[in-house]
$ cat my_file.tsv   # TSV, C-alpha atoms
chain	number	residue	atom	x	y	z
J	1	MET	CA	-24.54	63.11	38.94
J	2	GLY	CA	-28.16	62.18	39.50
J	3	ASP	CA	-30.10	62.01	42.72
J	4	GLU	CA	-28.90	59.02	44.78
J	5	THR	CA	-32.47	58.24	45.81
J	6	ASP	CA	-33.06	57.18	42.20
J	7	ASP	CA	-30.16	54.69	42.32
J	8	PRO	CA	-31.34	51.23	43.42
J	9	ASN	CA	-27.74	50.17	44.20
J	10	HIS	CA	-26.88	51.92	47.44
J	11	PRO	CA	-27.29	51.02	51.13
J	12	ILE	CA	-30.80	51.32	52.51
J	13	ILE	CA	-32.36	51.14	55.94
J	14	ASN	CA	-33.94	47.72	55.78
J	15	GLU	CA	-35.48	47.55	59.24
J	16	PHE	CA	-35.56	49.60	62.43
J	17	ILE	CA	-36.86	49.24	65.95
J	18	PRO	CA	-37.44	52.70	67.45
J	19	ASN	CA	-39.39	51.85	70.62
J	20	PRO	CA	-39.13	48.18	71.56
J	21	ALA	CA	-41.72	46.90	74.01
J	22	GLN	CA	-39.72	43.94	75.35
J	23	VAL	CA	-36.72	45.89	76.72
J	24	ASP	CA	-35.79	49.35	77.92
J	25	ASP	CA	-36.53	51.78	75.11
J	26	VAL	CA	-33.03	53.28	75.19
J	27	ASP	CA	-31.12	49.98	75.23
J	28	GLY	CA	-33.22	48.15	72.65
J	29	GLU	CA	-33.25	50.56	69.71
J	30	TRP	CA	-31.50	49.45	66.51
J	31	ILE	CA	-31.31	49.92	62.73
J	32	GLU	CA	-30.53	47.29	60.09
J	33	VAL	CA	-28.82	48.54	56.92
J	34	PHE	CA	-28.65	46.49	53.71
J	35	ASN	CA	-25.88	47.22	51.23
J	36	ASN	CA	-27.28	46.21	47.85
J	37	SER	CA	-24.34	47.70	45.95
J	38	SER	CA	-21.57	45.75	44.25
J	39	SER	CA	-18.88	47.00	46.63
J	40	GLU	CA	-18.23	47.44	50.34
J	41	VAL	CA	-19.54	50.69	51.85
J	42	ASN	CA	-17.98	52.48	54.81
J	43	LEU	CA	-20.57	54.37	56.85
J	44	ASN	CA	-18.03	56.65	58.55
J	45	SER	CA	-19.44	60.21	58.61
J	46	TRP	CA	-22.89	59.12	57.43
J	47	ILE	CA	-25.72	61.05	59.03
J	48	ILE	CA	-28.99	59.59	60.22
J	49	ASN	CA	-31.63	62.18	60.97
J	50	ASP	CA	-34.58	61.59	63.27
J	51	GLY	CA	-35.24	65.28	63.68
J	52	VAL	CA	-31.66	65.66	64.90
J	53	ASN	CA	-28.53	64.81	62.92
J	54	HIS	CA	-26.58	61.83	64.33
J	55	THR	CA	-23.21	61.16	62.68
J	56	ILE	CA	-21.60	57.72	62.59
J	57	SER	CA	-18.04	58.21	63.76
J	58	GLY	CA	-15.28	55.73	63.12
J	59	ASP	CA	-14.89	53.11	60.45
J	60	TYR	CA	-17.80	50.76	59.99
J	61	SER	CA	-18.11	48.91	56.68
J	62	ILE	CA	-20.89	46.76	55.29
J	63	PRO	CA	-19.87	44.24	52.61
J	64	SER	CA	-21.46	44.06	49.18
J	65	ASN	CA	-24.94	42.49	49.44
J	66	GLY	CA	-24.50	42.36	53.22
J	67	TYR	CA	-26.35	43.56	56.28
J	68	GLY	CA	-25.20	45.59	59.24
J	69	VAL	CA	-27.00	46.22	62.52
J	70	ILE	CA	-26.38	49.50	64.30
J	71	CYS	CA	-27.52	49.43	67.92
J	72	ARG	CA	-27.75	51.96	70.65
J	73	ASN	CA	-26.49	49.31	73.09
J	74	ASN	CA	-24.54	46.29	71.83
J	75	ASP	CA	-24.90	44.30	75.06
J	76	ALA	CA	-27.28	41.49	74.04
J	77	THR	CA	-28.27	40.89	77.68
J	78	LEU	CA	-29.69	44.43	77.81
J	79	ASN	CA	-30.91	45.05	74.24
J	80	GLY	CA	-33.28	42.09	73.85
J	81	GLY	CA	-30.76	39.69	72.32
J	82	VAL	CA	-29.88	41.68	69.19
J	83	ARG	CA	-26.49	40.85	67.62
J	84	CYS	CA	-24.98	44.23	66.79
J	85	ASN	CA	-22.19	45.04	64.39
J	86	TYR	CA	-21.75	48.63	65.53
J	87	GLN	CA	-22.78	50.54	68.65
J	88	ALA	CA	-23.72	54.17	68.20
J	89	SER	CA	-25.41	56.79	70.33
J	90	MET	CA	-27.29	57.97	67.26
J	91	VAL	CA	-30.07	55.41	67.27
$ encode --input "my_file.tsv" --output "structure tokens"
Amino acid sequence: MGDETDDPNHPIINEFIPNPAQVDDVDGEWIEVFNNSSSEVNLNSWIINDGVNHTISGDYSIPSNGYGVICRNNDATLNGGVRCNYQASMV
């Protein structure tokens, strides 16, 4: 099998907010993932690395051609109004 980075049909990080100015840095961080594949993708056990490996635990699926927002805090009153699909300590 070839290198997945050469495959244009797999989920990608579409947008991320690492240090928001409007809200507390910890509560406001989030990542948006776009699934441009032709089937649903479950992110369980995926690893995001920002110098440290953070593993997504539990089932979280993004539909084909859909978006998912992974937030450090899914409380919209604390995170700057972001609508989250999944809360994870890894952001």
$ atom_distance --input "my_file.tsv" --atom1 "atom CA of Gly80 of chain J" --atom2 "atom CA of Asn36 of chain J"
27.0 Å
$ residues_near_point --input "my_file.tsv" --point "(-16.6, 46.5, 49.4)" --cutoff "10 Å" --atoms "all atoms listed in the file" --output "list in words"
Asn35, Ser37, Ser38, Ser39, Glu40, Val41, Asn42, Ser61, Ile62, Pro63, Ser64, Asn65 and Gly66 of chain J
$ closest_atom_pairs --input "my_file.tsv" --of "segment 52-76 of chain J" --to "segment 18-33 of chain J" --cutoff "10 Å" --atoms "only C-alpha atoms" --output "JSON lines"
{"residue": "J:Ile62", "atom": "CA", "partner": "J:Val33", "partner_atom": "CA", "distance": 8.3}
{"residue": "J:Gly66", "atom": "CA", "partner": "J:Val33", "partner_atom": "CA", "distance": 8.4}
{"residue": "J:Tyr67", "atom": "CA", "partner": "J:Val33", "partner_atom": "CA", "distance": 5.6}
{"residue": "J:Gly68", "atom": "CA", "partner": "J:Val33", "partner_atom": "CA", "distance": 5.2}
{"residue": "J:Val69", "atom": "CA", "partner": "J:Glu32", "partner_atom": "CA", "distance": 4.4}
{"residue": "J:Ile70", "atom": "CA", "partner": "J:Ile31", "partner_atom": "CA", "distance": 5.2}
{"residue": "J:Cys71", "atom": "CA", "partner": "J:Trp30", "partner_atom": "CA", "distance": 4.2}
{"residue": "J:Arg72", "atom": "CA", "partner": "J:Glu29", "partner_atom": "CA", "distance": 5.8}
{"residue": "J:Asn73", "atom": "CA", "partner": "J:Asp27", "partner_atom": "CA", "distance": 5.1}
{"residue": "J:Asn74", "atom": "CA", "partner": "J:Asp27", "partner_atom": "CA", "distance": 8.3}
{"residue": "J:Asp75", "atom": "CA", "partner": "J:Asp27", "partner_atom": "CA", "distance": 8.4}
{"residue": "J:Ala76", "atom": "CA", "partner": "J:Gly28", "partner_atom": "CA", "distance": 9.0}
$ atom_distance --input "my_file.tsv" --atom1 "atom CA of Ser57 of chain J" --atom2 "atom CA of Asn14 of chain J"
20.7 Å
$ atom_distance --input "my_file.tsv" --atom1 "atom CA of Gly51 of chain J" --atom2 "atom CA of Gly81 of chain J"
27.4 Å
$ closest_residue --input "my_file.tsv" --among "J:Ile48, J:Ile56, J:Cys84, J:Leu78" --to "Ile13 of chain J" --atoms "all atoms listed in the file"
J:Ile48
$ build_atoms --input "my_file.tsv" --residues "segment 40-52 of chain J" --atoms "N, CA, C and O atoms" --output "short mmCIF file (atom, residue, chain, number, x, y, z; two decimals), in the coordinates of the input"
data_model
loop_
_atom_site.label_atom_id
_atom_site.label_comp_id
_atom_site.auth_asym_id
_atom_site.auth_seq_id
_atom_site.Cartn_x
_atom_site.Cartn_y
_atom_site.Cartn_z
N GLU J 40 -18.15 47.13 48.92
CA GLU J 40 -18.23 47.44 50.34
C GLU J 40 -18.48 48.94 50.53
O GLU J 40 -17.99 49.76 49.75
N VAL J 41 -19.25 49.29 51.55
CA VAL J 41 -19.54 50.69 51.85
C VAL J 41 -19.14 50.97 53.29
O VAL J 41 -19.52 50.24 54.20
N ASN J 42 -18.37 52.04 53.47
CA ASN J 42 -17.98 52.48 54.81
C ASN J 42 -18.95 53.58 55.23
O ASN J 42 -19.13 54.57 54.51
N LEU J 43 -19.57 53.41 56.39
CA LEU J 43 -20.57 54.37 56.85
C LEU J 43 -19.99 55.50 57.69
O LEU J 43 -20.74 56.33 58.22
N ASN J 44 -18.65 55.57 57.81
CA ASN J 44 -18.03 56.65 58.55
C ASN J 44 -18.50 58.00 58.01
O ASN J 44 -18.52 58.23 56.81
N SER J 45 -18.94 58.85 58.90
CA SER J 45 -19.44 60.21 58.61
C SER J 45 -20.84 60.24 58.01
O SER J 45 -21.34 61.32 57.68
N TRP J 46 -21.50 59.10 57.88
CA TRP J 46 -22.89 59.12 57.43
C TRP J 46 -23.74 59.76 58.52
O TRP J 46 -23.46 59.65 59.71
N ILE J 47 -24.81 60.38 58.10
CA ILE J 47 -25.72 61.05 59.03
C ILE J 47 -27.09 60.39 58.95
O ILE J 47 -27.63 60.19 57.87
N ILE J 48 -27.61 60.07 60.11
CA ILE J 48 -28.99 59.59 60.22
C ILE J 48 -29.75 60.69 60.95
O ILE J 48 -29.30 61.17 61.98
N ASN J 49 -30.89 61.06 60.41
CA ASN J 49 -31.63 62.18 60.97
C ASN J 49 -33.00 61.70 61.43
O ASN J 49 -33.77 61.16 60.65
N ASP J 50 -33.27 61.89 62.71
CA ASP J 50 -34.58 61.59 63.27
C ASP J 50 -35.18 62.87 63.86
O ASP J 50 -35.84 62.87 64.87
N GLY J 51 -34.89 63.97 63.18
CA GLY J 51 -35.24 65.28 63.68
C GLY J 51 -33.99 65.99 64.19
O GLY J 51 -33.94 67.19 64.33
N VAL J 52 -32.97 65.19 64.48
CA VAL J 52 -31.66 65.66 64.90
C VAL J 52 -30.63 64.86 64.10
O VAL J 52 -30.81 63.66 63.89
#
